[in-house]
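Source file final_29.cif; content: mmCIF, C-alpha atoms.
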data_final
loop_
_atom_site.label_atom_id
_atom_site.label_comp_id
_atom_site.auth_asym_id
_atom_site.auth_seq_id
_atom_site.Cartn_x
_atom_site.Cartn_y
_atom_site.Cartn_z
CA MET A 167 -38.58 46.78 -2.83
CA SER A 168 -39.25 49.89 -4.89
CA VAL A 169 -42.64 50.72 -6.37
CA PRO A 170 -43.35 48.19 -9.13
CA HIS A 171 -43.28 49.23 -12.76
CA ARG A 172 -46.90 49.61 -13.89
CA VAL A 173 -47.86 47.79 -17.08
CA VAL A 174 -51.31 48.42 -18.55
CA VAL A 175 -52.65 46.00 -21.15
CA LEU A 176 -55.19 47.51 -23.54
CA ALA A 177 -57.82 44.89 -24.49
CA LEU A 178 -59.52 45.80 -27.76
CA PRO A 179 -62.61 44.12 -29.26
CA GLY A 180 -61.76 40.79 -30.88
CA VAL A 181 -58.71 40.35 -28.65
CA TYR A 182 -56.95 36.98 -28.68
CA PRO A 183 -57.27 35.52 -25.16
CA PHE A 184 -53.87 33.79 -25.24
CA GLU A 185 -51.90 36.94 -26.04
CA LEU A 186 -54.07 39.03 -23.71
CA GLY A 187 -52.78 36.94 -20.81
CA ILE A 188 -49.10 36.91 -21.77
CA PRO A 189 -48.02 40.15 -20.03
CA SER A 190 -49.69 39.16 -16.76
CA ARG A 191 -48.27 35.64 -16.90
CA VAL A 192 -44.69 36.56 -17.84
CA LEU A 193 -44.21 39.92 -16.13
CA GLY A 194 -46.25 38.74 -13.17
CA ALA A 195 -43.61 36.05 -12.56
CA ALA A 196 -40.83 38.64 -12.10
CA ASN A 197 -40.87 38.68 -8.28
CA GLY A 198 -43.09 41.74 -7.91
CA ARG A 199 -41.08 43.98 -10.26
CA TYR A 200 -44.20 44.69 -12.32
CA GLU A 201 -47.83 45.54 -11.58
CA VAL A 202 -49.98 44.42 -14.52
CA LEU A 203 -53.44 45.92 -15.05
CA THR A 204 -55.88 45.38 -17.90
CA CYS A 205 -58.11 48.06 -19.37
CA SER A 206 -60.47 48.54 -22.29
CA SER A 207 -61.04 51.49 -24.58
CA GLY A 208 -64.31 52.15 -22.78
CA GLU A 209 -66.49 49.04 -22.75
CA PRO A 210 -66.47 46.91 -19.52
CA SER A 211 -67.13 43.68 -21.44
CA VAL A 212 -64.71 43.05 -24.29
CA PRO A 213 -65.55 40.41 -26.92
CA THR A 214 -62.67 38.11 -27.79
CA ASN A 215 -62.03 36.17 -30.99
CA ALA A 216 -63.14 33.05 -29.09
CA ASP A 217 -66.67 32.17 -27.97
CA PHE A 218 -66.56 34.29 -24.83
CA ALA A 219 -66.07 37.86 -23.67
CA VAL A 220 -63.84 39.16 -20.88
CA THR A 221 -64.86 41.59 -18.16
CA VAL A 222 -62.29 44.34 -17.66
CA GLU A 223 -62.20 46.31 -14.42
CA HIS A 224 -60.36 49.38 -15.68
CA GLY A 225 -61.25 51.98 -18.27
CA PRO A 226 -58.84 53.88 -20.55
CA ASP A 227 -58.09 56.48 -17.85
CA VAL A 228 -55.67 54.03 -16.18
CA LEU A 229 -53.42 54.32 -19.24
CA ALA A 230 -52.31 57.72 -17.96
CA SER A 231 -50.59 56.02 -15.02
CA ALA A 232 -48.76 53.39 -17.08
CA ASP A 233 -45.00 53.06 -17.32
CA THR A 234 -45.47 50.51 -20.11
CA VAL A 235 -48.52 49.90 -22.29
CA VAL A 236 -49.06 46.59 -24.11
CA ILE A 237 -51.49 46.24 -27.01
CA PRO A 238 -52.29 42.55 -27.63
CA PRO A 239 -53.57 41.35 -31.02
CA PHE A 240 -57.17 41.25 -32.10
CA ASP A 241 -59.02 39.49 -34.90
CA ALA A 242 -57.54 40.38 -38.29
CA GLY A 243 -61.06 40.80 -39.66
CA LEU A 244 -61.36 43.96 -37.56
CA LEU A 245 -58.21 45.61 -38.90
CA SER A 246 -58.47 49.09 -40.34
CA ARG A 247 -56.13 51.81 -41.52
CA GLU A 248 -58.17 54.28 -39.46
CA LEU A 249 -58.42 54.30 -35.66
CA ASP A 250 -61.76 53.80 -33.95
CA PRO A 251 -62.49 57.07 -32.08
CA ARG A 252 -62.60 55.26 -28.73
CA VAL A 253 -59.22 53.64 -29.39
CA ALA A 254 -57.77 56.99 -30.47
CA GLY A 255 -59.06 58.51 -27.24
CA ALA A 256 -57.48 55.72 -25.23
CA LEU A 257 -54.11 56.29 -26.91
CA ASP A 258 -54.38 60.00 -26.14
CA ALA A 259 -54.36 59.11 -22.45
CA ILE A 260 -50.86 57.61 -22.68
CA ARG A 261 -48.21 59.94 -21.32
CA PRO A 262 -45.32 61.02 -23.59
CA GLY A 263 -42.27 58.84 -22.97
CA THR A 264 -44.30 55.80 -21.92
CA ARG A 265 -42.92 52.55 -23.32
CA VAL A 266 -45.44 50.99 -25.70
CA VAL A 267 -45.39 47.37 -26.85
CA SER A 268 -47.55 45.71 -29.50
CA ILE A 269 -48.07 42.03 -30.19
CA CYS A 270 -49.02 40.87 -33.71
CA THR A 271 -51.96 42.93 -35.04
CA GLY A 272 -51.48 45.43 -32.22
CA ALA A 273 -48.89 47.06 -34.51
CA PHE A 274 -51.74 48.14 -36.80
CA VAL A 275 -53.06 50.32 -33.98
CA LEU A 276 -49.70 52.02 -33.47
CA ALA A 277 -49.27 52.48 -37.22
CA ALA A 278 -52.76 53.92 -37.65
CA ALA A 279 -51.95 56.41 -34.91
CA GLY A 280 -48.84 57.47 -36.84
CA TRP A 281 -46.51 56.40 -34.04
CA LEU A 282 -44.51 54.05 -36.26
CA ASP A 283 -43.89 56.43 -39.17
CA GLY A 284 -40.21 56.34 -40.08
CA ARG A 285 -39.47 53.73 -37.42
CA PRO A 286 -38.59 50.02 -37.63
CA ALA A 287 -41.38 47.64 -36.68
CA THR A 288 -42.77 44.17 -37.26
CA THR A 289 -46.06 42.32 -37.21
CA HIS A 290 -47.26 38.85 -38.18
CA TRP A 291 -45.62 37.76 -41.45
CA ALA A 292 -48.99 36.83 -43.00
CA LEU A 293 -50.19 40.46 -42.71
CA THR A 294 -47.19 42.01 -44.47
CA GLU A 295 -48.96 42.97 -47.70
CA SER A 296 -51.87 44.83 -46.11
CA PHE A 297 -49.61 46.49 -43.53
CA ARG A 298 -47.23 47.84 -46.17
CA THR A 299 -50.11 49.00 -48.36
CA TRP A 300 -51.80 50.89 -45.54
CA PHE A 301 -48.71 52.19 -43.76
CA PRO A 302 -45.90 52.73 -46.29
CA LYS A 303 -44.02 55.11 -43.98
CA VAL A 304 -43.28 52.33 -41.47
CA LEU A 305 -39.94 50.53 -41.84
CA LEU A 306 -41.53 47.10 -41.67
CA ASP A 307 -39.41 43.99 -41.14
CA PRO A 308 -41.76 40.97 -41.30
CA ASP A 309 -38.95 38.44 -40.85
CA VAL A 310 -38.13 38.98 -37.17
CA LEU A 311 -39.74 38.02 -33.86
CA PHE A 312 -39.68 41.50 -32.38
CA VAL A 313 -38.19 44.95 -32.85
CA ASP A 314 -36.95 47.05 -29.94
CA ASP A 315 -36.83 50.71 -30.98
CA GLY A 316 -36.51 52.17 -27.51
CA ASP A 317 -39.87 53.43 -26.34
CA LEU A 318 -41.72 51.48 -29.06
CA LEU A 319 -41.48 47.69 -29.33
CA THR A 320 -43.41 45.61 -31.84
CA SER A 321 -43.59 41.83 -32.01
CA ALA A 322 -44.93 39.15 -34.30
CA GLY A 323 -47.72 36.68 -33.62
CA ALA A 324 -48.61 34.46 -30.68
CA ALA A 325 -45.50 33.14 -28.88
CA SER A 326 -43.40 36.17 -29.88
CA GLY A 327 -45.43 38.01 -27.25
CA VAL A 328 -43.68 35.82 -24.70
CA ASP A 329 -40.33 36.64 -26.31
CA VAL A 330 -40.86 40.39 -26.16
CA CYS A 331 -42.08 40.28 -22.55
CA LEU A 332 -39.01 38.26 -21.53
CA HIS A 333 -36.96 40.83 -23.42
CA LEU A 334 -38.54 43.56 -21.27
CA VAL A 335 -37.54 41.70 -18.09
CA ARG A 336 -34.03 41.14 -19.41
CA SER A 337 -33.63 44.78 -20.45
CA ASP A 338 -35.03 46.10 -17.16
CA HIS A 339 -33.49 43.64 -14.68
CA GLY A 340 -30.93 41.42 -16.40
CA SER A 341 -30.75 37.92 -17.80
CA GLU A 342 -30.68 36.13 -14.43
CA LEU A 343 -34.20 37.26 -13.52
CA ALA A 344 -35.41 36.78 -17.10
CA ASN A 345 -34.12 33.20 -17.04
CA ARG A 346 -35.92 32.54 -13.75
CA VAL A 347 -39.14 33.92 -15.20
CA ALA A 348 -38.72 31.72 -18.27
CA ARG A 349 -38.22 28.64 -16.10
CA THR A 350 -41.33 29.52 -14.09
CA CYS A 351 -43.35 29.87 -17.29
CA VAL A 352 -41.71 26.76 -18.84
CA VAL A 353 -40.64 28.58 -22.00
CA PRO A 354 -37.27 29.06 -23.73
CA PRO A 355 -35.35 31.82 -21.92
CA TRP A 356 -34.18 33.51 -25.10
CA ARG A 357 -35.14 33.76 -28.73
CA ASP A 358 -33.33 36.61 -30.40
CA GLY A 359 -35.58 39.32 -31.79
CA GLY A 360 -33.82 38.90 -35.12
CA GLN A 361 -34.70 35.22 -35.36
CA ALA A 362 -36.87 34.35 -38.33
CA GLN A 363 -40.65 34.38 -37.77
CA TYR A 364 -41.33 31.71 -40.31
CA ILE A 365 -38.98 28.78 -40.83
CA GLU A 366 -39.62 26.58 -43.85
CA ARG A 367 -39.06 23.25 -42.03
CA PRO A 368 -38.68 23.88 -38.28
CA VAL A 369 -38.93 20.15 -37.52
CA PRO A 370 -36.58 17.67 -39.22
CA GLU A 371 -38.26 15.38 -41.71
CA PRO A 372 -38.92 11.80 -40.54
CA GLY A 373 -35.78 9.71 -40.58
CA ARG A 374 -33.43 12.71 -40.61
CA GLU A 375 -31.03 13.61 -37.84
CA GLY A 376 -31.32 17.16 -36.54
CA THR A 377 -28.72 19.62 -35.32
CA ALA A 378 -29.89 19.83 -31.68
CA ALA A 379 -27.17 17.47 -30.41
CA ALA A 380 -24.48 19.53 -32.11
CA ARG A 381 -25.87 22.71 -30.56
CA GLY A 382 -25.85 21.11 -27.12
CA TRP A 383 -22.27 19.94 -27.68
CA ALA A 384 -21.22 23.48 -28.61
CA LEU A 385 -22.95 25.08 -25.61
CA ALA A 386 -21.00 22.78 -23.28
CA ARG A 387 -17.66 24.04 -24.64
CA LEU A 388 -18.12 27.68 -25.62
CA ASP A 389 -14.71 28.45 -24.11
CA GLN A 390 -13.03 26.34 -26.80
CA PRO A 391 -12.48 27.03 -30.51
CA ILE A 392 -15.44 25.61 -32.47
CA THR A 393 -15.51 25.47 -36.25
CA LEU A 394 -18.37 24.75 -38.61
CA SER A 395 -16.57 21.54 -39.53
CA ASP A 396 -16.54 20.53 -35.84
CA LEU A 397 -20.29 21.05 -35.61
CA ALA A 398 -21.00 19.20 -38.84
CA GLU A 399 -18.79 16.30 -37.77
CA HIS A 400 -20.57 16.06 -34.41
CA ALA A 401 -23.92 15.99 -36.24
CA HIS A 402 -22.59 13.31 -38.64
CA MET A 403 -23.39 15.45 -41.66
CA SER A 404 -21.50 17.02 -44.51
CA LEU A 405 -20.75 20.70 -43.98
CA ARG A 406 -23.18 21.76 -46.68
CA THR A 407 -26.01 19.60 -45.31
CA PHE A 408 -25.37 20.76 -41.75
CA ILE A 409 -25.52 24.45 -42.66
CA ARG A 410 -28.76 23.94 -44.59
CA ARG A 411 -30.46 21.95 -41.83
CA PHE A 412 -29.22 24.31 -39.13
CA ASN A 413 -30.85 27.24 -40.92
CA GLU A 414 -34.07 25.24 -41.36
CA GLU A 415 -34.27 24.36 -37.65
CA VAL A 416 -32.92 27.51 -35.98
CA GLY A 417 -33.66 30.25 -38.50
CA THR A 418 -30.13 31.62 -38.54
CA SER A 419 -26.66 30.53 -39.59
CA PRO A 420 -24.43 28.39 -37.34
CA GLY A 421 -21.83 31.14 -37.14
CA ARG A 422 -24.31 33.81 -36.12
CA TRP A 423 -25.91 31.46 -33.59
CA LEU A 424 -22.53 30.63 -32.03
CA ILE A 425 -21.58 34.29 -31.64
CA HIS A 426 -24.98 35.01 -30.13
CA GLN A 427 -24.59 32.23 -27.55
CA ARG A 428 -21.16 33.54 -26.59
CA VAL A 429 -22.51 37.05 -26.14
CA LEU A 430 -25.35 35.69 -23.99
CA ARG A 431 -22.90 33.81 -21.78
CA ALA A 432 -20.72 36.93 -21.51
CA ARG A 433 -23.71 39.04 -20.49
CA HIS A 434 -24.56 36.59 -17.75
CA LEU A 435 -20.98 36.70 -16.41
CA LEU A 436 -20.94 40.51 -16.55
CA GLU A 437 -24.16 40.61 -14.54
CA THR A 438 -23.26 38.01 -11.94
CA THR A 439 -19.48 38.18 -11.45
CA GLY A 440 -16.68 40.69 -11.06
CA LEU A 441 -14.41 38.92 -13.55
CA PRO A 442 -12.28 41.15 -15.80
CA VAL A 443 -13.47 41.52 -19.38
CA ASP A 444 -10.46 39.67 -20.79
CA GLU A 445 -11.14 36.66 -18.56
CA ILE A 446 -14.83 36.66 -19.49
CA ALA A 447 -13.82 36.77 -23.15
CA GLY A 448 -11.72 33.66 -22.69
CA ARG A 449 -14.48 31.83 -20.82
CA VAL A 450 -16.98 32.36 -23.62
CA GLY A 451 -14.65 31.68 -26.54
CA PHE A 452 -13.69 35.12 -27.80
CA ALA A 453 -10.00 35.49 -28.55
CA THR A 454 -9.58 38.83 -26.78
CA GLY A 455 -11.42 41.33 -24.63
CA THR A 456 -11.46 43.62 -27.66
CA SER A 457 -13.36 40.98 -29.63
CA LEU A 458 -15.91 40.66 -26.81
CA ARG A 459 -16.34 44.44 -26.67
CA GLN A 460 -16.96 44.59 -30.41
CA HIS A 461 -19.52 41.78 -30.39
CA LEU A 462 -21.31 43.11 -27.30
CA ARG A 463 -21.57 46.58 -28.80
CA ALA A 464 -22.85 45.12 -32.08
CA ALA A 465 -25.47 43.08 -30.19
CA ILE A 466 -26.81 45.61 -27.68
CA GLY A 467 -24.99 48.87 -28.41
CA VAL A 468 -23.07 49.28 -25.15
CA SER A 469 -19.63 48.49 -23.72
CA PRO A 470 -19.04 45.82 -21.05
CA LEU A 471 -18.46 48.57 -18.47
CA THR A 472 -21.78 50.26 -19.24
CA TYR A 473 -23.61 46.95 -19.29
CA ARG A 474 -22.15 45.83 -15.97
CA ARG A 475 -22.93 49.16 -14.31
CA THR A 476 -26.52 48.88 -15.45
CA PHE A 477 -27.08 45.58 -13.68
CA ARG A 478 -24.50 45.56 -10.86
CA GLY A 479 -24.27 49.17 -9.76
CA ALA A 480 -22.06 52.09 -10.70
CA THR A 481 -19.29 51.18 -8.22
CA VAL A 482 -18.23 48.01 -10.05
CA ALA A 483 -14.92 48.31 -11.88
CA VAL A 484 -14.08 46.55 -15.12
CA SER A 485 -10.54 45.86 -16.30
#
Starting from the file, give its structure as structure tokens.
Amino acid sequence: MSVPHRVVVLALPGVYPFELGIPSRVLGAANGRYEVLTCSSGEPSVPTNADFAVTVEHGPDVLASADTVVIPPFDAGLLSRELDPRVAGALDAIRPGTRVVSICTGAFVLAAAGWLDGRPATTHWALTESFRTWFPKVLLDPDVLFVDDGDLLTSAGAASGVDVCLHLVRSDHGSELANRVARTCVVPPWRDGGQAQYIERPVPEPGREGTAAARGWALARLDQPITLSDLAEHAHMSLRTFIRRFNEEVGTSPGRWLIHQRVLRARHLLETTGLPVDEIAGRVGFATGTSLRQHLRAAIGVSPLTYRRTFRGATVAVS
């Protein structure tokens, strides 16, 4: 196996213990693909937002060796539009071109450093007002789970840190490994970055039927034509009620969700089989290979050929 990709997690004062451990837990389950180290901005003992501190072996100098840097969230009471000099010094150690990921309030650090100016980003929805006031040059989208802007990725609060780390595994090594990691960590293998952070009623009200059964029914027959009326009928709801409840529970429309599931299934087949694009299109419910190409490019910006070469080697041919 090649040298593992080094990930350095920067623990700042007031860090949330749960999110601090996410990179090690998720990326550490990727069969040795990643080496995860934790450092501080200078202090060996870092206070958390809980009733204990954590001892960190590495200082900020280890950031210079990172391939990816992750900045977990810290207590919102410590937020500032100006960087602490020690934190600024730690960021200076990061090499140009290093991939940098923030979770929740970690985006405030990147914004204060000026790294997010003119770029899309997100943070916890509850911090939108202060973030926009302090950093008006950032293209903030508070309604998504995470934003991938190449070498800079920002994510929302808590569990979205798991989502963005699984996204790193999927981007680096494909969906098969990411799904295995998700199963190991007992978490959902995929929540789209564009999924809503905050859903008004994520759990159906008592006595109401949900849309989960209809979603399971659709996933079992993605190769077949599926209409909104089919889904509503399977859920025993009127079309209008089904669409409303689907949005409440999933955070996106049924049509968008269905296309997304078909693209996911197509990506898996591109990664794990040598099937022609037209056949894959039929297996996932797209009418033609052209339709699959359009949806794949809209979702991840590449053609099936490019995507397959990325995960299966440059010698694989695609019809």
Interatomic distance between CA of Thr418 in chain A and CA of Arg449 in chain A?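 These two atoms are separated by 23.6 Å.
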Please enumerate the residues selected by the PyMOL selection byres ((chain A and resi 427) around 12) when evaluated against the supplied file, formatted as a VMD selection string. chain A and resid 356 to 358 381 to 382 384 to 389 420 to 426 428 to 434 450 to 452 461 to 462 465
Distance query Gly180 in chain A at most 12 Å, all atoms listed in the file, self and fewer than 5 positions along chain excluded, as a VMD selection string: chain A and resid 185 to 186 206 211 to 220 238 to 245 271 to 272
Report, in Å to a single decimal, how far apart CA of Ser268 in chain A and CA of Thr288 in chain A are.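 Interatomic distance here is 9.2 Å.
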For Gly198 in chain A, which residue among A:Leu471, A:Val347, A:Leu311, A:Ala254 is the nearest when counting all atoms listed in the file?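 For Gly198 in chain A, the nearest of the given residues is A:Val347.
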Spatial neighbours of Ala344 in chain A, 9 Å, all atoms listed in the file, chain gap at least 4 places, as a PyMOL selection string: chain A and resi 196+332-337+339-340+348-349+355-356
Export: range 196-306 of chain A, C-alpha atoms, as a tab-separated table (two decimals), in the first residue's frame:
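Dumped to result_22.tsv:
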chain	number	residue	atom	x	y	z
A	196	ALA	CA	-10.62	3.53	5.65
A	197	ASN	CA	-8.26	0.53	5.66
A	198	GLY	CA	-5.07	2.50	6.29
A	199	ARG	CA	-5.62	5.05	3.49
A	200	TYR	CA	-5.26	7.91	5.98
A	201	GLU	CA	-2.93	8.76	8.85
A	202	VAL	CA	-4.74	11.07	11.28
A	203	LEU	CA	-2.78	13.24	13.71
A	204	THR	CA	-4.04	15.86	16.15
A	205	CYS	CA	-2.24	19.09	16.95
A	206	SER	CA	-2.84	22.31	18.85
A	207	SER	CA	-1.94	25.89	18.06
A	208	GLY	CA	0.79	25.70	20.69
A	209	GLU	CA	-0.64	24.56	24.02
A	210	PRO	CA	-0.19	20.84	24.95
A	211	SER	CA	-3.42	20.78	26.98
A	212	VAL	CA	-6.46	22.05	25.09
A	213	PRO	CA	-9.64	22.92	27.03
A	214	THR	CA	-12.82	21.58	25.47
A	215	ASN	CA	-16.37	22.89	25.76
A	216	ALA	CA	-17.04	19.98	28.14
A	217	ASP	CA	-15.74	19.56	31.69
A	218	PHE	CA	-12.36	18.20	30.65
A	219	ALA	CA	-9.29	19.09	28.62
A	220	VAL	CA	-7.46	16.98	26.04
A	221	THR	CA	-3.72	16.42	25.87
A	222	VAL	CA	-2.37	16.83	22.35
A	223	GLU	CA	0.97	15.31	21.39
A	224	HIS	CA	1.74	17.49	18.38
A	225	GLY	CA	2.32	21.20	18.02
A	226	PRO	CA	1.44	23.40	15.02
A	227	ASP	CA	4.66	22.47	13.19
A	228	VAL	CA	3.08	19.16	12.11
A	229	LEU	CA	0.63	21.14	9.96
A	230	ALA	CA	3.44	21.68	7.46
A	231	SER	CA	3.41	17.95	6.68
A	232	ALA	CA	-0.37	17.67	6.20
A	233	ASP	CA	-2.08	16.66	2.98
A	234	THR	CA	-5.42	17.61	4.54
A	235	VAL	CA	-6.10	19.83	7.55
A	236	VAL	CA	-9.36	19.62	9.50
A	237	ILE	CA	-10.52	22.39	11.84
A	238	PRO	CA	-13.23	21.08	14.20
A	239	PRO	CA	-15.70	23.46	15.88
A	240	PHE	CA	-15.16	25.24	19.15
A	241	ASP	CA	-17.45	27.00	21.60
A	242	ALA	CA	-19.40	29.78	19.88
A	243	GLY	CA	-18.69	32.04	22.84
A	244	LEU	CA	-15.07	32.17	21.71
A	245	LEU	CA	-15.82	33.29	18.15
A	246	SER	CA	-14.13	36.41	16.85
A	247	ARG	CA	-13.74	38.19	13.54
A	248	GLU	CA	-10.01	38.45	14.27
A	249	LEU	CA	-7.60	35.51	14.48
A	250	ASP	CA	-5.74	34.78	17.69
A	251	PRO	CA	-2.01	35.27	16.89
A	252	ARG	CA	-1.22	31.65	17.78
A	253	VAL	CA	-3.97	30.39	15.48
A	254	ALA	CA	-2.76	32.68	12.69
A	255	GLY	CA	0.74	31.30	13.17
A	256	ALA	CA	-0.57	27.75	12.99
A	257	LEU	CA	-2.39	28.49	9.72
A	258	ASP	CA	0.81	29.97	8.31
A	259	ALA	CA	2.42	26.55	8.69
A	260	ILE	CA	-0.03	24.97	6.22
A	261	ARG	CA	1.52	24.45	2.80
A	262	PRO	CA	-0.12	26.06	-0.26
A	263	GLY	CA	-2.36	23.56	-2.02
A	264	THR	CA	-3.17	21.62	1.14
A	265	ARG	CA	-6.82	20.58	1.35
A	266	VAL	CA	-8.48	22.31	4.30
A	267	VAL	CA	-11.78	21.23	5.87
A	268	SER	CA	-13.80	23.01	8.55
A	269	ILE	CA	-16.66	21.70	10.65
A	270	CYS	CA	-19.28	24.11	12.02
A	271	THR	CA	-17.59	27.09	13.74
A	272	GLY	CA	-14.27	26.08	12.19
A	273	ALA	CA	-15.41	28.08	9.16
A	274	PHE	CA	-15.03	31.26	11.23
A	275	VAL	CA	-11.30	30.57	11.44
A	276	LEU	CA	-10.97	30.19	7.68
A	277	ALA	CA	-13.07	33.29	7.09
A	278	ALA	CA	-11.08	35.36	9.58
A	279	ALA	CA	-7.93	34.32	7.74
A	280	GLY	CA	-9.45	35.60	4.49
A	281	TRP	CA	-9.33	32.16	2.87
A	282	LEU	CA	-13.06	32.11	2.13
A	283	ASP	CA	-13.35	35.54	0.51
A	284	GLY	CA	-15.27	35.23	-2.73
A	285	ARG	CA	-15.77	31.50	-2.25
A	286	PRO	CA	-18.85	29.40	-1.39
A	287	ALA	CA	-18.97	28.10	2.17
A	288	THR	CA	-21.30	27.05	4.96
A	289	THR	CA	-21.42	26.88	8.73
A	290	HIS	CA	-24.06	26.09	11.34
A	291	TRP	CA	-27.40	27.64	10.36
A	292	ALA	CA	-27.81	29.28	13.80
A	293	LEU	CA	-24.63	31.35	13.26
A	294	THR	CA	-25.65	32.78	9.89
A	295	GLU	CA	-26.32	36.34	11.06
A	296	SER	CA	-23.00	36.88	12.84
A	297	PHE	CA	-21.04	35.13	10.07
A	298	ARG	CA	-22.54	37.32	7.34
A	299	THR	CA	-22.02	40.47	9.41
A	300	TRP	CA	-18.37	39.72	10.07
A	301	PHE	CA	-17.46	38.18	6.72
A	302	PRO	CA	-19.60	39.72	3.97
A	303	LYS	CA	-17.17	38.68	1.23
A	304	VAL	CA	-17.88	34.98	1.80
A	305	LEU	CA	-20.56	33.39	-0.39
A	306	LEU	CA	-22.34	31.81	2.55
